[in-house]
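Report on the structure given below.
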Amino acid sequence: MSPMLAVRVSDGPIIPDFDEPDCRANERFCWGWVVDNWPDLQARLVEHVYITAIAVSIGLVIAVSAALLAYRYNRFETPFVTVSTVLYTIPVLAFLLVMVQITGIGLLTVEIALTGYTLLLLFRNTLTGLRSVPPEVHAAAAGMGMTSRQILFRINIPLALPALMAGIRVASVTIISLATLAAFVSPLGLGRPILFAIGTQFVTGLITAGALAIVLALVADGLLVLATRAVTPWARAGQGGIR
Amino acid sequence: MNIVIDAYDFVRSNPDQVLGDIWGHVVLSAAAVAVAIAIAVPVGAAVGHLHRWSFLAISGANVLRALPTLAVISIGITVWGLGFVNIMVALVILALPLILTNTYVGVAEVDPGTVEAARGMGMTGWQILRRVELPNAIFLIMAGVRTATVFVIATAYLAGFAAYPDTLGAVITNPTLPLSQLFAYTVIAVALAFLADGVFAIVQRLVTPRGLRLTHTLAAA
Amino acid sequence: MDFLKEAPRPDGGHRDVAEPQAKRAALEIEFDGVTKRYQGQDAPAIDNLSLRIPAGETCCLVGPSGGGKTTAMKLVNRLIELSGGDIRIGGRSVKSLDVTTLRRDIGYVIQQVGLFPHMTIAANLAVVPKLLGWSRDRIDRRVGELLDLVRLDRSYLKRYPAQLSGGQQQRIGLARALAADPPVMLMDEPFGALDPITRAEIQDEFLRLEGEIRKTVIFVTHDIDEAIKMGDRIAVLRQGGTLAQYGTADELLSLPVDAFVADFVGADRGLKRLSLRTVRELVDHDPNQQIPPGAPTVSARTTLRTGLSVLLAAGADVLVVIDEQGERLGTVTLDRLREAAGARPTEETR
């Protein structure tokens, strides 16, 4: 039994016939195709943005809750890390194709799979951030009469923000990259024109769709750097190593 | 329905194909990580040692990290066509930023007192890098290599889109094959990633000087 | 003069056995019109600094932060390069020497110690000898000697820096700087990070060591009491890197040249001066003198400062001094102590 596919590499329209002879011969980049297909490309771009935003947002809710739990009760850390590491190492495409069998073609399948890939990054960064508060800061806060709840919300969470933001940044660019494969199971996102162009070896499509995905990733990365600076004025955007 | 049994039967009855694809996957991943190390470690070490151009190097690494792999393959087709070079470039771009960032951080953040003592006792810049900074940074460098290897193994199946044959991608990117085969290859891919992670965890421990392992454990205590 | 000559390379190993183990002689350090100017800063960090440190003496550089004391020290081993003037070690300009060769011949001790965490204590001690190409045998022998020198057990050789206390680490730092028997040592607030008790211990240890090995030492500290204790001479630098006064502790305490130095050495400089000398020096040996009842007794090794304290506590004005055998040497009166503490007349303008 083979999975049902929204896009087959053999499907799709033939390369449109343009006046420019080189373009018809698929020898070079032609702006005409880009201009003619812009409404379609723009729709795919918008889809790509919301696919990513939904996955990262859901991942954030799950990972931050889990991190808060693991911060309070250490024994939750290992199981959560193990599960999210397994999810993280499954090839996305395989994950998507397997999920199709259960949840069918559509946005739900895509979001379930992509959310799975955000968990490890977001969880680890949040937990590291929560734990990065120096003991003397805790002692000072407790000494001033803050309750443990107040310490969590006024000390730990704000001080965890740089690490959390760094996690959101990495998770976002990762999901933008992985979401290009969502087109395999649902006709959404920039993966659709990319996979179509790869299937047909259509030069203009390869460049245009690929470039759109790259620009989207870089713009998202840049915006998140600015957002990090805005919410953590006391620290420069975190730039640490992975241990 | 019984996909697990079907998957097992497939592997049993096609050992040559399966082992060949695993081997190809490992070779491609190893080559990509090796090239990434060859570029990232010297650059990261130089920038960390000199404490200069770090903004440029780290920003560059961040840009590379943001590039969607499939988009790199896609544009790569128009630049170097299909095949080995295409998938290789895409995987090196994936691995390089992690190793570069960790090498830079590891070398740049060696205790300044230690480096000043080395300079004060007459070590040349090269000797300081070779005998003091790199041994102190090796734990972080290996952590970067380890994570990068897991990334690469989990992504190298995209070789199927670059028409590079004989990797796990031969099955994973071919939607016309039965689901049981996809399942078998997925399990193999995850197992390979965990195996690589385990091997590198051991290597990381072995190459970290004992005095530094003590520092880590004493600091944790 | 063998300063900065290439050390013998290991060429067979036998040569080492015959090699004389003689200590290398300390060398004089001379600052001659030294100036350091950083790019983009109008005021120089060090301005026309001239001073001569005789071979085998310890010179403490003191002054407020911004006085350039660390800068002045780092100009010697060229961790910072001179902008003007010259520094000569044993008559040779530091500018004329290869920078790594120069540094390998100068012991360097810093506050952060900077032991290499990935090397054992033995490997840490062996770094400079290895850079100089000594033979295995000679290095092993030297490493053992060094541990003896700083009075640490040889079982420490196989340990790592992380396993040592702060005081032990600084002893190893000191031993490492002495490894190649350098004629000159530079020490940058070396004991500044230690707790007061460990600090006093290691200060005493270094004084004993310096008595044995006689290096020419430049010792940077911000603590005037440490400078008085450690230094044969003290150079007080003021803001802007100019020399305010250079002399022995006694000269600084008794005759500060101006208000800045007087203020820096402290309003209690009379008391500090008393702690430089022992009562033995002031004893009146006249055997016929009258000992008033209730006069306290102290040992001849007591400092004048402690002697004064004993007198004040007893409410007496004559101190009886005895020697190590308990024999009475004579007396010291309160008037003589007052005289010893008294600053010679200066135009103090506070």
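By order in the structure tokens, chains are A, B, ...; within a chain, residues start at 1; ligands start at 1, following the order shown.
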Kindly provide the residues of chain B that approach chain A to within 8 Å, each paired with its closest atom pair and their distance in Å to one decimal, based on only C-alpha atoms, listed by chain and increasing number, as a tab-separated table.
residue	atom	partner	partner_atom	distance
B:Val63	CA	A:Leu218	CA	6.7
B:Arg65	CA	A:Val173	CA	7.8
B:Ala66	CA	A:Val173	CA	5.2
B:Leu67	CA	A:Ile214	CA	5.5
B:Pro68	CA	A:Ser177	CA	3.9
B:Thr69	CA	A:Ser177	CA	6.2
B:Leu70	CA	A:Thr180	CA	6.8
B:Ala71	CA	A:Gly210	CA	4.1
B:Val72	CA	A:Gly210	CA	6.8
B:Ser74	CA	A:Leu206	CA	5.1
B:Ile75	CA	A:Ile207	CA	5.0
B:Ile77	CA	A:Leu206	CA	7.5
B:Thr78	CA	A:Val203	CA	6.2
B:Leu98	CA	A:Ile242	CA	7.9
B:Thr101	CA	A:Gly241	CA	6.4
B:Asn102	CA	A:Gly241	CA	4.8
B:Val105	CA	A:Gly241	CA	6.2
B:Gly106	CA	A:Gly241	CA	7.7
B:Leu140	CA	A:Arg243	CA	6.3
B:Ala143	CA	A:Arg243	CA	5.4
B:Gly144	CA	A:Ile242	CA	6.4
B:Val150	CA	A:Thr89	CA	7.2
B:Phe151	CA	A:Thr89	CA	7.5
B:Ala154	CA	A:Pro91	CA	5.4
B:Thr155	CA	A:Pro91	CA	6.4
B:Tyr157	CA	A:Pro91	CA	7.6
B:Phe161	CA	A:Ile198	CA	7.2
B:Ile172	CA	A:Ala94	CA	6.2
B:Thr173	CA	A:Leu93	CA	7.3
B:Pro175	CA	A:Pro3	CA	6.6
B:Thr176	CA	A:Ser2	CA	5.7
B:Leu177	CA	A:Ser2	CA	6.0
B:Pro178	CA	A:Ser2	CA	5.0
B:Leu179	CA	A:Ser2	CA	5.9
B:Leu182	CA	A:Ala94	CA	6.7
B:Phe183	CA	A:Ala94	CA	7.5
B:Thr186	CA	A:Ala94	CA	6.2
B:Val187	CA	A:Ile90	CA	7.9
B:Ala189	CA	A:Ile90	CA	7.0
B:Val190	CA	A:Ile90	CA	5.5
B:Ala193	CA	A:Thr89	CA	6.5
Could you list the residues in chain B lying within 10 Å of chain C, using only C-alpha atoms, and format the result as a count of residues only?
-> 33
Quick one: pull the distance between atom CA of Thr333 of chain C and atom CA of Arg277 of chain C, Å, one decimal.
->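 Value for the atom CA of Thr333 of chain C-atom CA of Arg277 of chain C distance: 15.1 Å.
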Members of segment 17-226 of chain A assigned alpha helix (DSSP H) by DSSP, as an MDAnalysis selection string = chainID A and resid 21:24 31:72 77:89 92:103 107:131 135:143 148:151 157:178 191:200 203:226
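Separating atom CA of Ile197 of chain C from atom CA of Leu209 of chain C is a distance of 18.4 Å.
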As a list of chain:residue names, please: all residues of segment 84-217 of chain C that backbone DSSP puts in strand (DSSP E).
-> C:Gly84, C:Gly85, C:Asp86, C:Ile87, C:Arg88, C:Ile89, C:Arg92, C:Ser93, C:Ile106, C:Gly107, C:Tyr108, C:Val109, C:Ile110, C:Val184, C:Met185, C:Leu186, C:Met187, C:Asp188, C:Thr216, C:Val217
Would you mind exporting C-alpha atoms of the selected residues as a PDB file, in the first residue's frame?
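Written output follows (part_38.pdb):
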ATOM      1  CA  GLY C  84      59.089  55.578  24.423  1.00  0.00           C
ATOM      2  CA  GLY C  85      62.167  55.208  26.608  1.00  0.00           C
ATOM      3  CA  ASP C  86      63.755  51.861  27.355  1.00  0.00           C
ATOM      4  CA  ILE C  87      63.825  49.059  29.900  1.00  0.00           C
ATOM      5  CA  ARG C  88      67.133  47.268  30.428  1.00  0.00           C
ATOM      6  CA  ILE C  89      67.615  43.967  32.195  1.00  0.00           C
ATOM      7  CA  ARG C  92      70.359  44.737  27.749  1.00  0.00           C
ATOM      8  CA  SER C  93      67.356  46.463  26.265  1.00  0.00           C
ATOM      9  CA  ILE C 106      61.248  35.989  33.130  1.00  0.00           C
ATOM     10  CA  GLY C 107      59.114  34.369  35.814  1.00  0.00           C
ATOM     11  CA  TYR C 108      55.522  35.590  35.638  1.00  0.00           C
ATOM     12  CA  VAL C 109      52.947  35.205  38.408  1.00  0.00           C
ATOM     13  CA  ILE C 110      49.423  36.632  38.219  1.00  0.00           C
ATOM     14  CA  VAL C 184      63.881  38.209  37.035  1.00  0.00           C
ATOM     15  CA  MET C 185      60.324  37.702  38.326  1.00  0.00           C
ATOM     16  CA  LEU C 186      57.205  39.747  37.630  1.00  0.00           C
ATOM     17  CA  MET C 187      54.316  39.349  40.063  1.00  0.00           C
ATOM     18  CA  ASP C 188      50.933  41.002  39.457  1.00  0.00           C
ATOM     19  CA  THR C 216      65.082  40.586  41.119  1.00  0.00           C
ATOM     20  CA  VAL C 217      61.333  40.927  41.619  1.00  0.00           C
TER      21      VAL C 217
END
note - atom CA of Thr242 of chain C and atom CA of Leu49 of chain C are separated by 6.1 Å
List as a short mmCIF file (atom, residue, chain, number, x, y, z; two decimals) with N, CA and C atoms, in the first residue's frame the protein and nucleic acid residues near Ala122 of chain C, meaning an atom at most 8 Å away when only C-alpha atoms are counted, but skip any in the same chain fewer than 6 places from it.
data_model
loop_
_atom_site.label_atom_id
_atom_site.label_comp_id
_atom_site.auth_asym_id
_atom_site.auth_seq_id
_atom_site.Cartn_x
_atom_site.Cartn_y
_atom_site.Cartn_z
N VAL C 143 61.39 19.52 38.42
CA VAL C 143 60.01 19.54 38.91
C VAL C 143 59.96 19.11 40.37
N LEU C 157 52.32 15.86 42.40
CA LEU C 157 52.75 15.92 41.00
C LEU C 157 51.71 15.37 40.03
N LYS C 158 51.03 14.31 40.46
CA LYS C 158 50.09 13.67 39.53
C LYS C 158 48.69 14.26 39.62
#
Extract, using only C-alpha atoms, all DNA, RNA and protein residues at most 9 Å from Gly76 of chain B, discarding same-chain residues fewer than 6 positions from it, and format them as a list in words.
->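 Selected residues are Leu206 and Ile207 of chain A; Leu82, Val85, Asn86, Ile87, Val89, Ala90 and Ala162 of chain B.
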Residues just named, written with N, CA and C atoms as a PDB file, in the first residue's frame:
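Writing the result to again-v6.pdb gives the following:
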ATOM      1  N   LEU A 206      13.080  26.256  -9.629  1.00  0.00           N
ATOM      2  CA  LEU A 206      14.092  25.850  -8.636  1.00  0.00           C
ATOM      3  C   LEU A 206      14.655  27.064  -7.920  1.00  0.00           C
ATOM      4  N   ILE A 207      14.983  28.080  -8.704  1.00  0.00           N
ATOM      5  CA  ILE A 207      15.612  29.262  -8.121  1.00  0.00           C
ATOM      6  C   ILE A 207      14.595  30.074  -7.332  1.00  0.00           C
TER       7      ILE A 207
ATOM      8  N   LEU B  82      22.502  17.823 -10.377  1.00  0.00           N
ATOM      9  CA  LEU B  82      22.135  16.783  -9.432  1.00  0.00           C
ATOM     10  C   LEU B  82      23.360  15.997  -9.014  1.00  0.00           C
ATOM     11  N   VAL B  85      27.860  16.399  -5.372  1.00  0.00           N
ATOM     12  CA  VAL B  85      28.255  17.746  -4.939  1.00  0.00           C
ATOM     13  C   VAL B  85      27.058  18.483  -4.354  1.00  0.00           C
ATOM     14  N   ASN B  86      25.920  18.345  -5.000  1.00  0.00           N
ATOM     15  CA  ASN B  86      24.727  19.045  -4.557  1.00  0.00           C
ATOM     16  C   ASN B  86      24.367  18.677  -3.108  1.00  0.00           C
ATOM     17  N   ILE B  87      24.210  17.382  -2.831  1.00  0.00           N
ATOM     18  CA  ILE B  87      23.797  16.970  -1.479  1.00  0.00           C
ATOM     19  C   ILE B  87      24.899  17.257  -0.467  1.00  0.00           C
ATOM     20  N   VAL B  89      27.082  19.794  -0.489  1.00  0.00           N
ATOM     21  CA  VAL B  89      27.044  21.209  -0.127  1.00  0.00           C
ATOM     22  C   VAL B  89      25.919  21.444   0.888  1.00  0.00           C
ATOM     23  N   ALA B  90      24.754  20.854   0.611  1.00  0.00           N
ATOM     24  CA  ALA B  90      23.611  21.065   1.500  1.00  0.00           C
ATOM     25  C   ALA B  90      23.903  20.547   2.909  1.00  0.00           C
ATOM     26  N   ALA B 162      18.310  14.977  -4.570  1.00  0.00           N
ATOM     27  CA  ALA B 162      19.437  15.420  -5.383  1.00  0.00           C
ATOM     28  C   ALA B 162      19.877  14.304  -6.333  1.00  0.00           C
TER      29      ALA B 162
END
